[in-house]
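Presented below is the structure to which this report refers.
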Amino acid sequence: MSNQVRPSFQVSPFLVFFMIHSAQVGVGILTFPRSIAKEAGYDSWIGIIAAGLMTHLSLFCIFQLMKYEHHSLSHIHRFVYGKWLGRFFTFLFIIQFLWSGLAILREYVRVIQVWMFPSLPTWLPTLLVLILLYYTISGGFRVMVGMCFFKVIVAAIITFPVFFTLGDADFGKLSLIPYHSMKELWGAAKTMSFSYIGFEMILVYYPFIQEGTKSKKYAYLANAGTTLLYLAVAFMCFLFYSEKQLSSVIWPYLKLSSSLEFSIIQRFELVFVSAWVLVIVPCVILYLWCASRLAKEVFKVKQKYPLLLFMLIYIVVSHYIDDSEEFQLFGNWSGKVAFYLNYVYIPALCILYMLMRKIKRPSASS
């Protein structure tokens with residue numbers, strides 16, 4: 001029961017590097033130093049490495065699932081749980097993909113409202129971004145992958161100038177010797193894992209990869225690249241902020257960019273925020289495409305219909321999440337659900353799948 005995709009719609013294995021890295025790096029890079037510093041201060045760099053290793057383990061489980069004949073999440077669920085229960089678990093992933101995509105989009109709109117246009121209504125930038133998303137998704141999977149490739153290049157260009165601030169950094173405040181408890185370090189790792197989500201979407205687009213087994217090393221490299229990037233950003237923030245300051249600054253990395261001035265650009269943070277739309281768009285594209293793809297497989301409808309419905313839901317829900325406390329609660333719950341799905345459920349599903357193969361194969365051969 002493999003999910004056959006025509007070769008003309010498939011992409012090369014090395015592009016998995018850009019897809020996973022694009023899915024992991026979004027608006028979370030602007031906020032995570034504050035979140036992990038609340039848990040373990042300057043020692044939270046250990047949590048970044050721990051979260052990267054957990055993601056690596058979860059990716060290993062995903063490729064163990066995909067090396068057999070069931071090359072799609074919905075097919076794996078049907079094989080393990082049966083038709084109706086399998087649809088239920090697939091539907092949970094649809095909800096999670098929608099939830100994560102909306103959290104990213106709403107956070108970016110919030111950044112625009114705070115840093116650029118305080119009186120801007122939420123629905124307007126949301127609608128404009130969604131039009132761009134629909135246009136890209138309508139172009140097909142290969143166009144989406146091209147956006148992911150372009151996103152990595154743009155993100156590197158935008159991020160590089162921030163490192164010019166290292167000349168004013170205080171290198172004497174850092175120490176690599178941890179002094180926080182294991183409980184606090186685990187809290188930092190768990191909080192940091194929210195910024196690694198997105199890799200699990202390979203469970204949906206794996207059939208669109210040529211010779212999918214060869215993409216394993218590129219997936220691991222993408223996760224390693226994300227870990228190194230997060231370590232660099234975290235240490236950048238540690239060099240400029242005290243632990244107390246980090247706990248109070250909402251977007252510490254974005255705040256760093258505001259200290260940059262060039263002869264032709266006085267407020268670099270406005271350029272940073274404006275260009276960052278090219279960074280978050282591929283993230284939301286992947287989430288929307290995966291959610292609508294799973295809906296197509298579960299409900300047997302054309303993919304454009306659930307896609308349009310999900311975009312309408314984005315506009316309506318984002319309009320009502322205006323209060324900062326409501327938004328924080330929404331983001332926290334999104335991260336918690338993603339944590340248990342990615343780091344608990346996926347390894348458990350891998351074990352169940354292996355057991356079901358051993359149970360069903362002998363009975364099928366007899």
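Going through the structure tokens in order, the chains are called A, B, and so on, while each chain numbers its residues from 1 and the ligands are numbered from 1 in the order shown.
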So that I can check the surroundings of Gly225 in chain A, please list as a PyMOL selection string every protein, DNA and RNA residue that reaches within 10 Å of it, counting only C-alpha atoms and ignoring chain neighbours fewer than 6 positions away. chain A and resi 17+21+52+219+231
Which polymer residues have any atom within 12 Å of an atom of Ile321 in chain A, counting only C-alpha atoms, with same-chain residues fewer than 2 positions away left out, as an mmCIF file with all heavy atoms, in the first residue's frame?
data_model
loop_
_atom_site.group_PDB
_atom_site.id
_atom_site.type_symbol
_atom_site.label_atom_id
_atom_site.label_comp_id
_atom_site.auth_asym_id
_atom_site.auth_seq_id
_atom_site.Cartn_x
_atom_site.Cartn_y
_atom_site.Cartn_z
ATOM 1 N N LEU A 102 -0.255 28.155 12.279
ATOM 2 C CA LEU A 102 -0.934 29.369 12.736
ATOM 3 C C LEU A 102 -0.117 30.091 13.802
ATOM 4 O O LEU A 102 -0.055 31.328 13.808
ATOM 5 C CB LEU A 102 -2.322 29.008 13.284
ATOM 6 C CG LEU A 102 -3.145 30.167 13.852
ATOM 7 C CD1 LEU A 102 -3.356 31.253 12.799
ATOM 8 C CD2 LEU A 102 -4.487 29.667 14.375
ATOM 9 N N ALA A 103 0.514 29.336 14.701
ATOM 10 C CA ALA A 103 1.338 29.949 15.747
ATOM 11 C C ALA A 103 2.499 30.732 15.139
ATOM 12 O O ALA A 103 2.827 31.836 15.591
ATOM 13 C CB ALA A 103 1.857 28.872 16.704
ATOM 14 N N LEU A 105 2.675 32.003 11.991
ATOM 15 C CA LEU A 105 2.149 33.148 11.249
ATOM 16 C C LEU A 105 1.690 34.259 12.189
ATOM 17 O O LEU A 105 1.996 35.434 11.969
ATOM 18 C CB LEU A 105 0.994 32.702 10.353
ATOM 19 C CG LEU A 105 0.317 33.781 9.496
ATOM 20 C CD1 LEU A 105 1.328 34.466 8.593
ATOM 21 C CD2 LEU A 105 -0.820 33.179 8.682
ATOM 22 N N ARG A 106 0.999 33.878 13.256
ATOM 23 C CA ARG A 106 0.484 34.893 14.186
ATOM 24 C C ARG A 106 1.615 35.578 14.944
ATOM 25 O O ARG A 106 1.541 36.781 15.214
ATOM 26 C CB ARG A 106 -0.494 34.235 15.169
ATOM 27 C CG ARG A 106 -1.165 35.228 16.114
ATOM 28 C CD ARG A 106 -2.014 36.215 15.347
ATOM 29 N NE ARG A 106 -2.524 37.275 16.206
ATOM 30 C CZ ARG A 106 -1.888 38.424 16.451
ATOM 31 N NH1 ARG A 106 -0.698 38.665 15.895
ATOM 32 N NH2 ARG A 106 -2.430 39.338 17.231
ATOM 33 N N GLU A 107 2.665 34.847 15.259
ATOM 34 C CA GLU A 107 3.812 35.451 15.943
ATOM 35 C C GLU A 107 4.502 36.470 15.032
ATOM 36 O O GLU A 107 4.899 37.551 15.493
ATOM 37 C CB GLU A 107 4.807 34.365 16.355
ATOM 38 C CG GLU A 107 6.106 34.876 16.949
ATOM 39 C CD GLU A 107 5.957 35.517 18.315
ATOM 40 O OE1 GLU A 107 4.929 35.283 18.973
ATOM 41 O OE2 GLU A 107 6.879 36.247 18.737
ATOM 42 N N VAL A 109 3.085 38.195 12.572
ATOM 43 C CA VAL A 109 2.195 39.358 12.478
ATOM 44 C C VAL A 109 2.326 40.212 13.736
ATOM 45 O O VAL A 109 2.326 41.451 13.667
ATOM 46 C CB VAL A 109 0.735 38.904 12.265
ATOM 47 C CG1 VAL A 109 -0.221 40.092 12.363
ATOM 48 C CG2 VAL A 109 0.576 38.240 10.902
ATOM 49 N N ARG A 110 2.468 39.555 14.872
ATOM 50 C CA ARG A 110 2.648 40.288 16.137
ATOM 51 C C ARG A 110 3.943 41.103 16.113
ATOM 52 O O ARG A 110 3.978 42.247 16.583
ATOM 53 C CB ARG A 110 2.667 39.294 17.289
ATOM 54 C CG ARG A 110 2.740 39.922 18.671
ATOM 55 C CD ARG A 110 2.854 38.845 19.713
ATOM 56 N NE ARG A 110 3.031 39.399 21.048
ATOM 57 C CZ ARG A 110 3.681 38.789 22.027
ATOM 58 N NH1 ARG A 110 4.215 37.601 21.809
ATOM 59 N NH2 ARG A 110 3.805 39.335 23.217
ATOM 60 N N PRO A 121 -4.373 46.224 11.556
ATOM 61 C CA PRO A 121 -5.291 45.143 11.945
ATOM 62 C C PRO A 121 -4.681 43.779 11.619
ATOM 63 O O PRO A 121 -4.000 43.616 10.602
ATOM 64 C CB PRO A 121 -6.541 45.417 11.093
ATOM 65 C CG PRO A 121 -6.058 46.228 9.936
ATOM 66 C CD PRO A 121 -4.916 47.040 10.450
ATOM 67 N N THR A 122 -4.955 42.805 12.474
ATOM 68 C CA THR A 122 -4.331 41.490 12.343
ATOM 69 C C THR A 122 -4.697 40.801 11.033
ATOM 70 O O THR A 122 -3.863 40.138 10.407
ATOM 71 C CB THR A 122 -4.738 40.598 13.532
ATOM 72 O OG1 THR A 122 -4.349 41.249 14.748
ATOM 73 C CG2 THR A 122 -4.081 39.240 13.452
ATOM 74 N N TRP A 123 -5.931 40.963 10.594
ATOM 75 C CA TRP A 123 -6.402 40.204 9.438
ATOM 76 C C TRP A 123 -5.712 40.608 8.140
ATOM 77 O O TRP A 123 -5.556 39.783 7.230
ATOM 78 C CB TRP A 123 -7.917 40.377 9.273
ATOM 79 C CG TRP A 123 -8.353 41.774 8.923
ATOM 80 C CD1 TRP A 123 -8.711 42.760 9.794
ATOM 81 C CD2 TRP A 123 -8.447 42.338 7.605
ATOM 82 N NE1 TRP A 123 -9.033 43.909 9.106
ATOM 83 C CE2 TRP A 123 -8.880 43.677 7.767
ATOM 84 C CE3 TRP A 123 -8.216 41.844 6.322
ATOM 85 C CZ2 TRP A 123 -9.078 44.519 6.681
ATOM 86 C CZ3 TRP A 123 -8.409 42.683 5.235
ATOM 87 C CH2 TRP A 123 -8.841 44.001 5.419
ATOM 88 N N TYR A 314 -7.415 30.152 9.533
ATOM 89 C CA TYR A 314 -6.291 30.992 9.961
ATOM 90 C C TYR A 314 -6.726 32.455 10.126
ATOM 91 O O TYR A 314 -6.385 33.118 11.110
ATOM 92 C CB TYR A 314 -5.164 30.910 8.932
ATOM 93 C CG TYR A 314 -4.197 29.775 9.156
ATOM 94 C CD1 TYR A 314 -4.556 28.638 9.873
ATOM 95 C CD2 TYR A 314 -2.903 29.826 8.642
ATOM 96 C CE1 TYR A 314 -3.681 27.603 10.067
ATOM 97 C CE2 TYR A 314 -2.002 28.792 8.832
ATOM 98 C CZ TYR A 314 -2.398 27.679 9.541
ATOM 99 O OH TYR A 314 -1.513 26.663 9.734
ATOM 100 N N ILE A 315 -7.460 32.963 9.137
ATOM 101 C CA ILE A 315 -7.883 34.365 9.187
ATOM 102 C C ILE A 315 -8.815 34.613 10.361
ATOM 103 O O ILE A 315 -8.667 35.594 11.105
ATOM 104 C CB ILE A 315 -8.576 34.756 7.856
ATOM 105 C CG1 ILE A 315 -7.578 34.680 6.697
ATOM 106 C CG2 ILE A 315 -9.164 36.160 7.947
ATOM 107 C CD1 ILE A 315 -8.202 34.911 5.335
ATOM 108 N N VAL A 316 -9.760 33.716 10.570
ATOM 109 C CA VAL A 316 -10.753 33.893 11.642
ATOM 110 C C VAL A 316 -10.101 33.775 13.012
ATOM 111 O O VAL A 316 -10.284 34.635 13.891
ATOM 112 C CB VAL A 316 -11.899 32.869 11.493
ATOM 113 C CG1 VAL A 316 -12.839 32.957 12.690
ATOM 114 C CG2 VAL A 316 -12.662 33.099 10.190
ATOM 115 N N VAL A 317 -9.312 32.718 13.217
ATOM 116 C CA VAL A 317 -8.716 32.471 14.534
ATOM 117 C C VAL A 317 -7.694 33.545 14.881
ATOM 118 O O VAL A 317 -7.659 34.037 16.010
ATOM 119 C CB VAL A 317 -8.071 31.073 14.579
ATOM 120 C CG1 VAL A 317 -7.345 30.862 15.909
ATOM 121 C CG2 VAL A 317 -9.126 29.986 14.389
ATOM 122 N N SER A 318 -6.852 33.931 13.919
ATOM 123 C CA SER A 318 -5.830 34.944 14.198
ATOM 124 C C SER A 318 -6.456 36.282 14.568
ATOM 125 O O SER A 318 -5.875 37.068 15.317
ATOM 126 C CB SER A 318 -4.912 35.113 12.983
ATOM 127 O OG SER A 318 -5.638 35.575 11.859
ATOM 128 N N HIS A 319 -7.647 36.542 14.041
ATOM 129 C CA HIS A 319 -8.344 37.788 14.370
ATOM 130 C C HIS A 319 -8.746 37.829 15.844
ATOM 131 O O HIS A 319 -8.745 38.893 16.477
ATOM 132 C CB HIS A 319 -9.577 37.958 13.489
ATOM 133 C CG HIS A 319 -10.398 39.164 13.818
ATOM 134 N ND1 HIS A 319 -9.982 40.449 13.521
ATOM 135 C CD2 HIS A 319 -11.610 39.293 14.445
ATOM 136 C CE1 HIS A 319 -10.897 41.304 13.940
ATOM 137 N NE2 HIS A 319 -11.886 40.645 14.489
ATOM 138 N N ASP A 323 -5.134 39.305 22.360
ATOM 139 C CA ASP A 323 -4.597 39.552 23.694
ATOM 140 C C ASP A 323 -3.265 38.815 23.863
ATOM 141 O O ASP A 323 -3.116 37.672 23.440
ATOM 142 C CB ASP A 323 -5.601 39.073 24.750
ATOM 143 C CG ASP A 323 -5.137 39.405 26.155
ATOM 144 O OD1 ASP A 323 -5.278 40.564 26.565
ATOM 145 O OD2 ASP A 323 -4.616 38.495 26.813
ATOM 146 N N SER A 324 -2.295 39.475 24.484
ATOM 147 C CA SER A 324 -0.963 38.876 24.635
ATOM 148 C C SER A 324 -0.988 37.617 25.496
ATOM 149 O O SER A 324 -0.261 36.655 25.233
ATOM 150 C CB SER A 324 0.002 39.895 25.250
ATOM 151 O OG SER A 324 -0.474 40.330 26.518
ATOM 152 N N GLU A 325 -1.837 37.598 26.523
ATOM 153 C CA GLU A 325 -1.932 36.409 27.363
ATOM 154 C C GLU A 325 -2.556 35.246 26.607
ATOM 155 O O GLU A 325 -2.118 34.100 26.739
ATOM 156 C CB GLU A 325 -2.753 36.724 28.624
ATOM 157 C CG GLU A 325 -2.071 37.702 29.570
ATOM 158 C CD GLU A 325 -2.883 37.911 30.840
ATOM 159 O OE1 GLU A 325 -3.950 37.282 30.982
ATOM 160 O OE2 GLU A 325 -2.440 38.705 31.686
ATOM 161 N N GLU A 326 -3.578 35.538 25.806
ATOM 162 C CA GLU A 326 -4.193 34.494 24.977
ATOM 163 C C GLU A 326 -3.181 33.940 23.979
ATOM 164 O O GLU A 326 -3.106 32.723 23.771
ATOM 165 C CB GLU A 326 -5.400 35.060 24.221
ATOM 166 C CG GLU A 326 -6.597 35.388 25.093
ATOM 167 C CD GLU A 326 -7.739 35.968 24.276
ATOM 168 O OE1 GLU A 326 -7.530 36.184 23.054
ATOM 169 O OE2 GLU A 326 -8.814 36.198 24.837
ATOM 170 N N PHE A 327 -2.378 34.832 23.390
ATOM 171 C CA PHE A 327 -1.391 34.392 22.418
ATOM 172 C C PHE A 327 -0.324 33.526 23.072
ATOM 173 O O PHE A 327 0.101 32.510 22.525
ATOM 174 C CB PHE A 327 -0.738 35.595 21.749
ATOM 175 C CG PHE A 327 0.286 35.225 20.723
ATOM 176 C CD1 PHE A 327 -0.102 34.874 19.446
ATOM 177 C CD2 PHE A 327 1.620 35.196 21.049
ATOM 178 C CE1 PHE A 327 0.836 34.501 18.499
ATOM 179 C CE2 PHE A 327 2.565 34.832 20.108
ATOM 180 C CZ PHE A 327 2.169 34.493 18.828
ATOM 181 N N GLN A 328 0.124 33.925 24.261
ATOM 182 C CA GLN A 328 1.139 33.148 24.964
ATOM 183 C C GLN A 328 0.604 31.764 25.336
ATOM 184 O O GLN A 328 1.306 30.758 25.208
ATOM 185 C CB GLN A 328 1.593 33.884 26.230
ATOM 186 C CG GLN A 328 2.770 33.227 26.931
ATOM 187 C CD GLN A 328 3.288 34.057 28.084
ATOM 188 O OE1 GLN A 328 2.735 35.104 28.415
ATOM 189 N NE2 GLN A 328 4.358 33.606 28.710
ATOM 190 N N LEU A 329 -0.651 31.714 25.775
ATOM 191 C CA LEU A 329 -1.267 30.425 26.103
ATOM 192 C C LEU A 329 -1.387 29.557 24.863
ATOM 193 O O LEU A 329 -1.105 28.340 24.903
ATOM 194 C CB LEU A 329 -2.649 30.667 26.718
ATOM 195 C CG LEU A 329 -3.437 29.418 27.156
ATOM 196 C CD1 LEU A 329 -2.709 28.706 28.291
ATOM 197 C CD2 LEU A 329 -4.850 29.805 27.592
ATOM 198 N N PHE A 330 -1.771 30.166 23.746
ATOM 199 C CA PHE A 330 -1.897 29.440 22.471
ATOM 200 C C PHE A 330 -0.549 28.854 22.055
ATOM 201 O O PHE A 330 -0.452 27.680 21.664
ATOM 202 C CB PHE A 330 -2.419 30.397 21.403
ATOM 203 C CG PHE A 330 -2.574 29.785 20.043
ATOM 204 C CD1 PHE A 330 -3.705 29.058 19.721
ATOM 205 C CD2 PHE A 330 -1.589 29.947 19.077
ATOM 206 C CE1 PHE A 330 -3.847 28.487 18.459
ATOM 207 C CE2 PHE A 330 -1.721 29.380 17.819
ATOM 208 C CZ PHE A 330 -2.865 28.654 17.510
ATOM 209 N N GLY A 331 0.507 29.664 22.131
ATOM 210 C CA GLY A 331 1.834 29.204 21.745
ATOM 211 C C GLY A 331 2.371 28.119 22.657
ATOM 212 O O GLY A 331 2.993 27.159 22.197
#
Which one of A:Pro125, A:Pro33, A:Leu92, A:Gly47 sits closest to Val111 in chain A if you count only C-alpha atoms?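 The closest residue to Val111 in chain A is A:Pro125.
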Of A:Ser181, A:Gln303, A:Ser215, A:Gln10, the one nearest to Cys290 in chain A when counting only C-alpha atoms is A:Gln303
Tell me, which residues of range 30-197 of chain A carry DSSP helix (DSSP H, G or I), written as a ChimeraX atom specification? /A:30-66,73-81,83-115,123-138,141-168,171-173,182-196
Exercise: Pro13 in chain A partners within 9 Å, only C-alpha atoms, chain neighbours under 4 positions left out, as a PDB file with N, CA and C atoms, in the first residue's frame:
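Result went into result35.pdb, see below:
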ATOM      1  N   PHE A  17      17.579  18.517   3.070  1.00  0.00           N
ATOM      2  CA  PHE A  17      18.333  19.404   3.968  1.00  0.00           C
ATOM      3  C   PHE A  17      17.638  20.759   4.091  1.00  0.00           C
ATOM      4  N   ILE A 209      10.117  12.350  -2.426  1.00  0.00           N
ATOM      5  CA  ILE A 209      11.580  12.377  -2.471  1.00  0.00           C
ATOM      6  C   ILE A 209      12.075  11.204  -3.317  1.00  0.00           C
ATOM      7  N   GLN A 210      12.909  11.507  -4.296  1.00  0.00           N
ATOM      8  CA  GLN A 210      13.503  10.451  -5.110  1.00  0.00           C
ATOM      9  C   GLN A 210      14.484   9.639  -4.259  1.00  0.00           C
ATOM     10  N   GLU A 211      14.330   8.318  -4.309  1.00  0.00           N
ATOM     11  CA  GLU A 211      15.206   7.447  -3.523  1.00  0.00           C
ATOM     12  C   GLU A 211      15.288   7.946  -2.080  1.00  0.00           C
ATOM     13  N   GLY A 212      14.144   7.885  -1.418  1.00  0.00           N
ATOM     14  CA  GLY A 212      14.001   8.476  -0.094  1.00  0.00           C
ATOM     15  C   GLY A 212      15.016   8.010   0.928  1.00  0.00           C
ATOM     16  N   THR A 213      15.500   6.773   0.803  1.00  0.00           N
ATOM     17  CA  THR A 213      16.462   6.274   1.791  1.00  0.00           C
ATOM     18  C   THR A 213      17.771   7.061   1.759  1.00  0.00           C
ATOM     19  N   LYS A 214      18.087   7.659   0.596  1.00  0.00           N
ATOM     20  CA  LYS A 214      19.320   8.444   0.498  1.00  0.00           C
ATOM     21  C   LYS A 214      19.202   9.813   1.165  1.00  0.00           C
ATOM     22  N   SER A 215      17.990  10.203   1.533  1.00  0.00           N
ATOM     23  CA  SER A 215      17.789  11.520   2.141  1.00  0.00           C
ATOM     24  C   SER A 215      18.097  11.532   3.631  1.00  0.00           C
ATOM     25  N   LYS A 216      18.359  10.356   4.205  1.00  0.00           N
ATOM     26  CA  LYS A 216      18.578  10.266   5.650  1.00  0.00           C
ATOM     27  C   LYS A 216      19.729  11.151   6.110  1.00  0.00           C
ATOM     28  N   TYR A 218      20.999  13.751   4.762  1.00  0.00           N
ATOM     29  CA  TYR A 218      20.716  15.179   4.602  1.00  0.00           C
ATOM     30  C   TYR A 218      19.767  15.675   5.696  1.00  0.00           C
TER      31      TYR A 218
END
Exercise: range 185-197 of chain A partners within 8 Å, only C-alpha atoms, chain neighbours under 4 positions left out, as a list in words: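 The contact residues come out as Ala23, Gln24, Val25, Gly28, Ile29, Phe32, Ser35, Ile36, Ala37, Glu39, Ala40, Asp43, Ser44, Ile46, Gly47, Ile48, Ile49, Ala50, Ala51, Gly52, Thr55, His180, Ser181, Thr226, Gly335, Lys336, Ala338, Phe339 and Asn342 of chain A.
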